[in-house]
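Asker: Quick one: the structure is below, and I'll ask about it shortly.
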Amino acid sequence: MSSERREGSLEAPTRHPLAWRTAEFFDERALESELARVYEICHGCRRCFSLCNAFPTLFDLIDATEAMELEGVARADYWKVVDQCYLCDMCFMTKCPYVPPHPWNVDFPHLMLRAKAVKRRVGHVKWRDKVLSSTDVLGMLASRPVVAPTVNAVNRNRTARGMLHRTFGVHRNAWLPRYENEAGRKRIVRRQAPLPADEAQPTDETRGRVALFTTCYGNFNEPGLAQDLVAVFEHNGIPVVLGKRERCCGMPKLELGDLDAVAALAAVNAPALAELVDQGFDLVAPVPSCVLMFKQELPLLLPEDGNIAKVQANMFDPFEYLMLRHKAGKLRTDFKGRLGKVAYHVPCHLRVQNLGLKTKALLQLIPDTYIIPIERCSGHNGTYAVKREFHDAAMKIGRPVVNQVKRADADHYSSDCPMAGHHIAAGLGANAQPTHPLTLLRRAYGI
């Protein structure tokens with residue numbers, strides 16, 4: 001075993017495509033056997049005990065048995081571990097010594113994804129979870145001019161939240177996003193005319209013009225986020241356009257195990273984005289989870305799709321893209337303001353992209369600016385933190401981040417994931433609100 005462990009730990013981890021369209025993938029007996037195999041390995045290792053609540057749940061179940069072994073855990077309780085996993089990927093990317101190419105072939109997040117897919121197929125999914133994961137549909141309905149103020153008022157009314165807590169399972173204290181009555185895509189179309197695409201300045205690694213995937217959140221909840229991105233890119237001489245069509249990236253449905261819905265969304269997004277690539281555009285999105293979806297999850301789910309492969313090769317995190325421009329001497333550094341001290345939370349779905357701390361590196365180019373990176377899970381994790389049964393665990397997971405923000409005593413606190421930023425704010429319990437790194441950068445430019 002020791003030689004196998006050394007062999008595996010010396011090589012970069014690899015991911016295998018998910019054979020989710022095979023009968024074996026949904027075979028409950030085969031799944032149960034694989035859960036037992038991987039749980040036994042995790043029990044013998046326990047390196048991931050501090051990452052999320054999935055591993056403490058597993059280890060507590062084992063330790064509560066008389067022999068303190070997995071064989072004493074009821075098979076029905078295996079699902080308690082599955083329910084606690086929100087597919088952050090941190091165990092695979094940073095902790096587990098048994099990931100492929102190790103012969104034990106442990107991919108805990110994708111095993112949890114398989115279990116979620118089986119659970120959904122047999123009908124064990126709450127209506128609440130189906131609704132919460134339909135982010136683009138919710139956004140289109142809730143962001144209408146007459147509807148948005150009503151939804152926002154309900155979400156901030158204690159009596160209404162109490163009813164949601166009891167009847168719908170959304171925790172009364174969970175932060176819920178606002179809905180804006182003018183979508184981000186409409187705001188961007190209405191802004192001043194974009195820079196001519198033929199003025200783009202390509203480099204060896206970038207084409208110098210981008211198509212923006214606004215994301216559900218950047219479109220319906222914080223459209224200013226997409227506007228800040230456009231302002232910063234165009235200040236740097238990078239023309240920005242929108243695609244003709246855009247649906248949810250599919251991450252919320254992935255977390256639910258609804259792989260058919262993920263594939264259906266990809267069938268809309270991938271051809272539209274690939275067409276933009278063919279027209280000479282790079283691709284960016286302001287939310288790390290959406291970037292990760294196109295860079296990693298969709299290629300593993302649909303490896304035969306040429307459009308997805310094309311999107312994967314041309315999708316960038318915004319700060320990754322800007323730092324590539326800086327590397328080529330194309331980034332403007334005519335900053336007019338300072339930021340002071342910034343407590344900067346690095347989201348899990350950005351960390352697992354293995355980009356390095358590009359946001360930190362760029363913000364530190366601003367004079368009189370000091371960045372304090374915080375590399376721990378915020379606890380928000382998609383819809384996990386808003387659910388009645390998981391909210392307390394989400395707050396506990398995020399407490400170390402909240403404590404680090406407090407200790408930093410910074411001028412700003414920020415996260416590339418806007419939802420993580422607001423979850424941190426809920427933990428702080430103060431009036432101070434997070435400021436997204438793109439917003440900070442725009443302020444520093446004075447644009």
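By convention in this document, the chains of the structure tokens carry letters A, B, ... by their order, each chain's residues are numbered from 1, and ligands are numbered from 1 in the order they are shown.
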List every residue of region 11-250 of chain A that DSSP, applied to the backbone of this structure, assigns to helix (DSSP H, G or I), and report them as JSON, numbers by chain.
Answerer: {"A": [24, 25, 26, 28, 29, 30, 31, 32, 33, 34, 35, 36, 37, 38, 39, 40, 41, 42, 43, 44, 45, 54, 55, 56, 57, 58, 59, 60, 61, 62, 63, 70, 71, 72, 75, 76, 77, 78, 79, 80, 81, 82, 83, 84, 90, 91, 92, 93, 94, 95, 108, 109, 110, 111, 112, 113, 114, 115, 116, 117, 118, 119, 120, 121, 127, 128, 129, 130, 131, 132, 135, 136, 137, 138, 139, 140, 141, 142, 147, 148, 149, 150, 151, 152, 153, 154, 155, 158, 159, 160, 161, 162, 163, 164, 165, 166, 167, 168, 184, 185, 186, 187, 188, 189, 190, 197, 198, 199, 215, 216, 217, 218, 219, 220, 221, 223, 224, 225, 226, 227, 228, 229, 230, 231, 232, 233, 234, 235]}
Asker: Write out as a list in words which residues come within 9 Å of Met419 (chain A) when counting only C-alpha atoms, dropping same-chain ones fewer than 4 positions away.
Answerer: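 Here the answer would be Trp175, Leu176, Pro177, Tyr217, His380, Asn381, Gly382, Ser415, His423 and Ile424 of chain A.
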Asker: Name the closest residue to Ser133 (chain A) among the candidates A:Leu58, A:Cys216, A:Ala430, A:Ala183; distances are taken between atoms, counting only C-alpha atoms.
Answerer: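 Distance minimum relative to Ser133 (chain A) lands on A:Cys216.
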Asker: Within 10 Å of Thr383 (chain A), counting only C-alpha atoms, which residues qualify if same-chain residues fewer than 6 places away don't, as a VMD selection string?
Answerer: chain A and resid 86 129 132 to 133 170 176 252 255 to 256 390 to 391 419
Asker: Keeping only N, CA and C atoms, write those residues as a PDB file, in the first residue's frame.
Answerer:
```pdb
ATOM      1  N   TYR A  86     -21.358  19.389  -1.460  1.00  0.00           N
ATOM      2  CA  TYR A  86     -21.817  20.404  -2.401  1.00  0.00           C
ATOM      3  C   TYR A  86     -20.862  20.550  -3.588  1.00  0.00           C
ATOM      4  N   ASP A 129     -35.780  21.942  -3.808  1.00  0.00           N
ATOM      5  CA  ASP A 129     -34.467  21.868  -4.434  1.00  0.00           C
ATOM      6  C   ASP A 129     -34.560  22.034  -5.949  1.00  0.00           C
ATOM      7  N   LEU A 132     -35.058  25.907  -6.373  1.00  0.00           N
ATOM      8  CA  LEU A 132     -33.868  26.698  -6.079  1.00  0.00           C
ATOM      9  C   LEU A 132     -32.779  26.515  -7.127  1.00  0.00           C
ATOM     10  N   SER A 133     -32.724  25.340  -7.749  1.00  0.00           N
ATOM     11  CA  SER A 133     -31.683  25.081  -8.749  1.00  0.00           C
ATOM     12  C   SER A 133     -32.063  25.582 -10.134  1.00  0.00           C
ATOM     13  N   VAL A 170     -36.586  27.049   3.344  1.00  0.00           N
ATOM     14  CA  VAL A 170     -35.521  28.045   3.205  1.00  0.00           C
ATOM     15  C   VAL A 170     -35.311  28.681   4.573  1.00  0.00           C
ATOM     16  N   LEU A 176     -30.507  35.896   1.195  1.00  0.00           N
ATOM     17  CA  LEU A 176     -31.091  35.640  -0.120  1.00  0.00           C
ATOM     18  C   LEU A 176     -30.784  36.820  -1.034  1.00  0.00           C
ATOM     19  N   PRO A 252     -26.039  24.721 -10.738  1.00  0.00           N
ATOM     20  CA  PRO A 252     -27.062  24.384  -9.730  1.00  0.00           C
ATOM     21  C   PRO A 252     -27.723  23.028  -9.991  1.00  0.00           C
ATOM     22  N   GLU A 255     -25.331  20.217  -8.996  1.00  0.00           N
ATOM     23  CA  GLU A 255     -25.317  19.974  -7.559  1.00  0.00           C
ATOM     24  C   GLU A 255     -26.529  19.173  -7.105  1.00  0.00           C
ATOM     25  N   LEU A 256     -27.597  19.193  -7.905  1.00  0.00           N
ATOM     26  CA  LEU A 256     -28.797  18.414  -7.605  1.00  0.00           C
ATOM     27  C   LEU A 256     -28.712  17.008  -8.181  1.00  0.00           C
ATOM     28  N   PHE A 390     -29.379  22.703   6.388  1.00  0.00           N
ATOM     29  CA  PHE A 390     -27.927  22.831   6.232  1.00  0.00           C
ATOM     30  C   PHE A 390     -27.385  24.208   6.634  1.00  0.00           C
ATOM     31  N   HIS A 391     -28.260  25.163   6.889  1.00  0.00           N
ATOM     32  CA  HIS A 391     -27.792  26.531   7.111  1.00  0.00           C
ATOM     33  C   HIS A 391     -26.840  26.638   8.302  1.00  0.00           C
ATOM     34  N   MET A 419     -21.781  35.506  -4.003  1.00  0.00           N
ATOM     35  CA  MET A 419     -22.628  34.870  -2.998  1.00  0.00           C
ATOM     36  C   MET A 419     -21.839  34.529  -1.743  1.00  0.00           C
TER      37      MET A 419
END
```
Asker: Residues near Lys95 (chain A), anyone? I mean within 9 Å using only C-alpha atoms, not counting same-chain ones fewer than 4 positions away, as a list in words.
Answerer: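 The filter keeps Arg47, Cys48, Met90 and Cys91 of chain A.
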Asker: Between A:Ile397, A:Asp204, A:Ala160, A:Gln364, which is the closest to Tyr384 (chain A) once you count only C-alpha atoms?
Answerer: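 When distances to Tyr384 (chain A) are compared using only C-alpha atoms, the smallest one comes from A:Ile397.
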Asker: Using only C-alpha atoms, which protein or nucleic acid residues come within 12 Å of region 425-427 of chain A? Drop anything in the same chain fewer than 5 positions from it, and give the result as a PyMOL selection string.
Answerer: chain A and resi 173-176+345+378-380+385-386+391-392+394-406+412-415+418-420+432-435
